[in-house]
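Here's the structure we're looking at; comments come further down.
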Amino acid sequence: MKSAANAILTKARAMYGRHITEDQYDALTQRSSVSDVVSYLISDTAYADAFENARHLDIHRQKLESLLDDEAFRRLERLQRYADRKDRDFYNLGIIRREWDIVMHVARAIQYGRTDEMKSIVPPAALVRHSTLDFKKLREVTSFEDLAEVCEKTIYGKPVRETMNAGHDRMPKMEHALQCAFYDHCSDTINRLCRGEVRDDLNTILSTVIELSNITKIYRLKAYFNAPPEAIRPTLMTEHTRMSKTMLESLVNAPDAEAMLMKLANSKYAQFADRHDYVYIEYAAQSISYHLAKRHMRFSSKAPVVYMTYVILQTMEIDNLKHIVEGIRYNQSPETIRRLLIY
């Protein structure tokens, strides 16, 4: 209903209005320890609630990142509460986005004989409340057959079963299949629940995310693994994207990473060709997503669009904070840390 949409629109913009500013990022990069970062987040940003039940002086890096993830999910849940029941599947997408990450984490633990690590999986409470996964059972799996059984009634069951016997290609094939399953679910949900301009805008955002992921993968595989086209193609997502097959094939068939960048220089993704290193390629991809989301946040009057862009912007803010903590941990200079931030 219109009242629900207006509530989501107003709340999302109000929450985004408390995002971390450039001056605050500068101050955070000047901190000397994780404890100092936490103290600043509590006293000078909107993250005080994230540490309400924690003794901040005792928080280590992993605990800090966990608390930030919990806060991100709580914020999305606050928005979801305003949604009409018929639209809940759409507003749930932002919360369950992490599911396939967790399934892949468990799959890698099985692959490399580290199933004891699963005992320590503590997903955010908001994710548990809305997830299609049974996390209690997930922590108890010891084989791919167990994982497939836990995922059986979710969108991840089929991709796990179809790739778990793929031999030495199992991990890349499973990761690709799980990504495709999630984005298929996103597309199906958008097209089922949304109409007109809203659906068009949401599909544009989704296709941009997929296109940028493909570009990053192609570059990384060429630059760091010298992968041939036949090894690259199976890793790409070809559905729900506006990039023509001709353009995609042109990038895949480029003889090396530099030649790929030259092709990009003559496309709408020209900024990828500004520098020749993977850090910047990844930065450029996220930057494009960020600016697209920020534009919709400012100018869209459609609640679903503003919600999806809030998910993107909030995720990037959490990633920025994690980059800062990691940089401080390894004694990187504030200037070095700032180059990794997107805002």
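Convention: chains lettered A, B, ... in structure tokens order; per-chain residue numbering from 1; ligands numbered from 1 as shown.
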Rows by chain and residue number, segment 6-31 of chain A within 10 Å of segment 295-308 of chain A, shortest pair, only C-alpha atoms, as JSON lines:
{"residue": "A:Asn6", "atom": "CA", "partner": "A:Ala303", "partner_atom": "CA", "distance": 6.9}
{"residue": "A:Ala7", "atom": "CA", "partner": "A:Ala303", "partner_atom": "CA", "distance": 8.4}
{"residue": "A:Ile8", "atom": "CA", "partner": "A:Ala303", "partner_atom": "CA", "distance": 6.0}
{"residue": "A:Leu9", "atom": "CA", "partner": "A:Ala303", "partner_atom": "CA", "distance": 4.8}
{"residue": "A:Thr10", "atom": "CA", "partner": "A:Ala303", "partner_atom": "CA", "distance": 8.6}
{"residue": "A:Lys11", "atom": "CA", "partner": "A:Tyr307", "partner_atom": "CA", "distance": 9.5}
{"residue": "A:Ala12", "atom": "CA", "partner": "A:Tyr307", "partner_atom": "CA", "distance": 6.5}
{"residue": "A:Arg13", "atom": "CA", "partner": "A:Met297", "partner_atom": "CA", "distance": 7.2}
{"residue": "A:Tyr16", "atom": "CA", "partner": "A:Met297", "partner_atom": "CA", "distance": 8.5}
How about saving the chosen residues, N, CA and C atoms kept, as a PDB file, in the first residue's frame?
ATOM      1  N   ASN A   6       5.585   4.752   1.420  1.00  0.00           N
ATOM      2  CA  ASN A   6       6.066   6.045   1.922  1.00  0.00           C
ATOM      3  C   ASN A   6       6.895   5.882   3.189  1.00  0.00           C
ATOM      4  N   ALA A   7       6.487   4.952   4.037  1.00  0.00           N
ATOM      5  CA  ALA A   7       7.224   4.715   5.280  1.00  0.00           C
ATOM      6  C   ALA A   7       8.621   4.184   4.987  1.00  0.00           C
ATOM      7  N   ILE A   8       8.714   3.233   4.042  1.00  0.00           N
ATOM      8  CA  ILE A   8      10.019   2.677   3.674  1.00  0.00           C
ATOM      9  C   ILE A   8      10.892   3.747   3.045  1.00  0.00           C
ATOM     10  N   LEU A   9      10.297   4.529   2.146  1.00  0.00           N
ATOM     11  CA  LEU A   9      11.035   5.595   1.474  1.00  0.00           C
ATOM     12  C   LEU A   9      11.599   6.593   2.484  1.00  0.00           C
ATOM     13  N   THR A  10      10.758   7.029   3.404  1.00  0.00           N
ATOM     14  CA  THR A  10      11.171   8.018   4.404  1.00  0.00           C
ATOM     15  C   THR A  10      12.224   7.451   5.351  1.00  0.00           C
ATOM     16  N   LYS A  11      11.991   6.216   5.821  1.00  0.00           N
ATOM     17  CA  LYS A  11      12.914   5.602   6.776  1.00  0.00           C
ATOM     18  C   LYS A  11      14.271   5.330   6.128  1.00  0.00           C
ATOM     19  N   ALA A  12      14.272   4.822   4.905  1.00  0.00           N
ATOM     20  CA  ALA A  12      15.537   4.512   4.225  1.00  0.00           C
ATOM     21  C   ALA A  12      16.357   5.776   4.026  1.00  0.00           C
ATOM     22  N   ARG A  13      15.715   6.850   3.618  1.00  0.00           N
ATOM     23  CA  ARG A  13      16.440   8.102   3.404  1.00  0.00           C
ATOM     24  C   ARG A  13      16.947   8.666   4.730  1.00  0.00           C
ATOM     25  N   TYR A  16      19.931   6.558   5.681  1.00  0.00           N
ATOM     26  CA  TYR A  16      21.078   6.900   4.837  1.00  0.00           C
ATOM     27  C   TYR A  16      21.640   8.265   5.218  1.00  0.00           C
TER      28      TYR A  16
END
Just want the 10 Å neighbourhood of Ser187 of chain A, counted on only C-alpha atoms, with same-chain residues fewer than 6 positions away dropped. Output as a count of residues only.
9
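For the pair atom CA of Pro229 of chain A and atom CA of Val209 of chain A, the separation is 21.8 Å.
Closest to Ala54 of chain A among A:Ser32, A:Ser39, A:Gln332, A:Gln111 is A:Ser39, based on only C-alpha atoms.
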Which residues, written as a list in words, have at least one atom at most 12 Å from Lys137 of chain A, with only C-alpha atoms counted and residues fewer than 6 positions away on the same chain left out?
Val106, Met118, Lys119, Ile121, Asp146, Leu147, Ala148, Glu149, Val150 and Cys151 of chain A
May I have the residues from that selection written out with N, CA and C atoms, as a tab-separated table (two decimals), in the first residue's frame?
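Result written to result_33.tsv:
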chain	number	residue	atom	x	y	z
A	106	VAL	N	30.79	-22.94	3.98
A	106	VAL	CA	30.67	-24.32	4.45
A	106	VAL	C	31.24	-25.28	3.41
A	118	MET	N	32.87	-24.91	11.15
A	118	MET	CA	31.45	-24.62	11.06
A	118	MET	C	30.81	-24.43	12.42
A	119	LYS	N	31.41	-25.01	13.44
A	119	LYS	CA	30.86	-24.87	14.80
A	119	LYS	C	30.84	-23.41	15.23
A	121	ILE	N	30.22	-20.79	13.28
A	121	ILE	CA	29.36	-19.93	12.47
A	121	ILE	C	28.25	-19.34	13.35
A	146	ASP	N	25.68	-34.04	3.04
A	146	ASP	CA	25.00	-33.36	4.16
A	146	ASP	C	24.58	-31.95	3.75
A	147	LEU	N	25.50	-31.23	3.09
A	147	LEU	CA	25.22	-29.86	2.68
A	147	LEU	C	24.04	-29.82	1.71
A	148	ALA	N	24.04	-30.74	0.74
A	148	ALA	CA	22.94	-30.78	-0.23
A	148	ALA	C	21.61	-31.06	0.46
A	149	GLU	N	21.64	-31.91	1.47
A	149	GLU	CA	20.41	-32.23	2.20
A	149	GLU	C	19.89	-31.03	2.97
A	150	VAL	N	20.78	-30.28	3.62
A	150	VAL	CA	20.36	-29.09	4.36
A	150	VAL	C	19.78	-28.05	3.43
A	151	CYS	N	20.35	-27.95	2.23
A	151	CYS	CA	19.92	-26.93	1.26
A	151	CYS	C	18.77	-27.40	0.37
Using only C-alpha atoms, determine which residues lie at most 9 Å from segment 112-115 of chain A, disregarding the query and same-chain residues fewer than 5 positions distant; provide the list as a ChimeraX atom specification.
/A:106-107,139-143
Output N, CA and C atoms for every residue in that selection, as a short mmCIF file (atom, residue, chain, number, x, y, z; two decimals), in the first residue's frame.
data_model
loop_
_atom_site.label_atom_id
_atom_site.label_comp_id
_atom_site.auth_asym_id
_atom_site.auth_seq_id
_atom_site.Cartn_x
_atom_site.Cartn_y
_atom_site.Cartn_z
N VAL A 106 30.79 -22.94 3.98
CA VAL A 106 30.67 -24.32 4.45
C VAL A 106 31.24 -25.28 3.41
N ALA A 107 30.97 -25.03 2.14
CA ALA A 107 31.48 -25.91 1.08
C ALA A 107 33.00 -25.93 1.07
N ARG A 139 25.62 -26.16 10.71
CA ARG A 139 26.85 -26.25 11.52
C ARG A 139 27.27 -27.70 11.77
N GLU A 140 26.39 -28.65 11.47
CA GLU A 140 26.68 -30.05 11.77
C GLU A 140 27.09 -30.86 10.54
N VAL A 141 27.11 -30.24 9.35
CA VAL A 141 27.42 -31.01 8.15
C VAL A 141 28.90 -31.40 8.12
N THR A 142 29.17 -32.55 7.56
CA THR A 142 30.56 -33.03 7.42
C THR A 142 30.87 -33.47 6.00
N SER A 143 29.89 -33.41 5.11
CA SER A 143 30.10 -33.86 3.73
C SER A 143 29.23 -33.03 2.79
#
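Minimum atom-to-atom distance to Asp188 of chain A, evaluated using only C-alpha atoms, belongs to A:Leu93 out of A:Leu93, A:Ile110, A:Arg329, A:Arg220.
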Considering only C-alpha atoms, return as a PDB file with C-alpha atoms, in the first residue's frame whatever protein or nucleic-acid residues lie within 12 Å of Ile342 of chain A, sequence-local ones (same chain, fewer than 2 positions apart) excluded.
ATOM      1  CA  ILE A  20      29.571   8.072   7.558  1.00  0.00           C
ATOM      2  CA  THR A  21      30.876  11.295   6.047  1.00  0.00           C
ATOM      3  CA  GLU A  22      34.199  12.057   4.394  1.00  0.00           C
ATOM      4  CA  TYR A  25      36.293   8.464   7.331  1.00  0.00           C
ATOM      5  CA  TYR A 280      41.660  -0.530  -9.042  1.00  0.00           C
ATOM      6  CA  GLU A 282      37.638  -3.938  -8.165  1.00  0.00           C
ATOM      7  CA  TYR A 283      37.498  -0.385  -6.842  1.00  0.00           C
ATOM      8  CA  ALA A 284      36.137   0.901 -10.148  1.00  0.00           C
ATOM      9  CA  ALA A 285      33.416  -1.766 -10.223  1.00  0.00           C
ATOM     10  CA  GLN A 286      32.263  -0.897  -6.724  1.00  0.00           C
ATOM     11  CA  SER A 287      32.511   2.804  -7.453  1.00  0.00           C
ATOM     12  CA  ILE A 288      30.170   2.499 -10.440  1.00  0.00           C
ATOM     13  CA  SER A 289      27.650   0.592  -8.302  1.00  0.00           C
ATOM     14  CA  TYR A 290      28.008   3.173  -5.534  1.00  0.00           C
ATOM     15  CA  HIS A 291      27.338   6.182  -7.738  1.00  0.00           C
ATOM     16  CA  LYS A 294      23.555   7.128  -4.693  1.00  0.00           C
ATOM     17  CA  ILE A 312      24.125  -1.439  -1.764  1.00  0.00           C
ATOM     18  CA  LEU A 313      25.229   1.724   0.041  1.00  0.00           C
ATOM     19  CA  GLN A 314      25.015   0.131   3.487  1.00  0.00           C
ATOM     20  CA  THR A 315      27.034  -2.883   2.328  1.00  0.00           C
ATOM     21  CA  MET A 316      29.747  -0.603   0.950  1.00  0.00           C
ATOM     22  CA  GLU A 317      29.876   1.392   4.175  1.00  0.00           C
ATOM     23  CA  ILE A 318      30.406  -1.794   6.186  1.00  0.00           C
ATOM     24  CA  ASP A 319      33.097  -2.867   3.707  1.00  0.00           C
ATOM     25  CA  ASN A 320      34.781   0.528   4.131  1.00  0.00           C
ATOM     26  CA  LEU A 321      34.882   0.076   7.897  1.00  0.00           C
ATOM     27  CA  HIS A 323      39.042  -2.001   5.149  1.00  0.00           C
ATOM     28  CA  ILE A 324      39.901   0.598   7.773  1.00  0.00           C
ATOM     29  CA  ILE A 337      43.640   3.024   3.580  1.00  0.00           C
ATOM     30  CA  ARG A 338      41.681   5.911   2.086  1.00  0.00           C
ATOM     31  CA  ARG A 339      42.503   4.727  -1.447  1.00  0.00           C
ATOM     32  CA  LEU A 340      40.444   1.591  -0.760  1.00  0.00           C
TER      33      LEU A 340
END
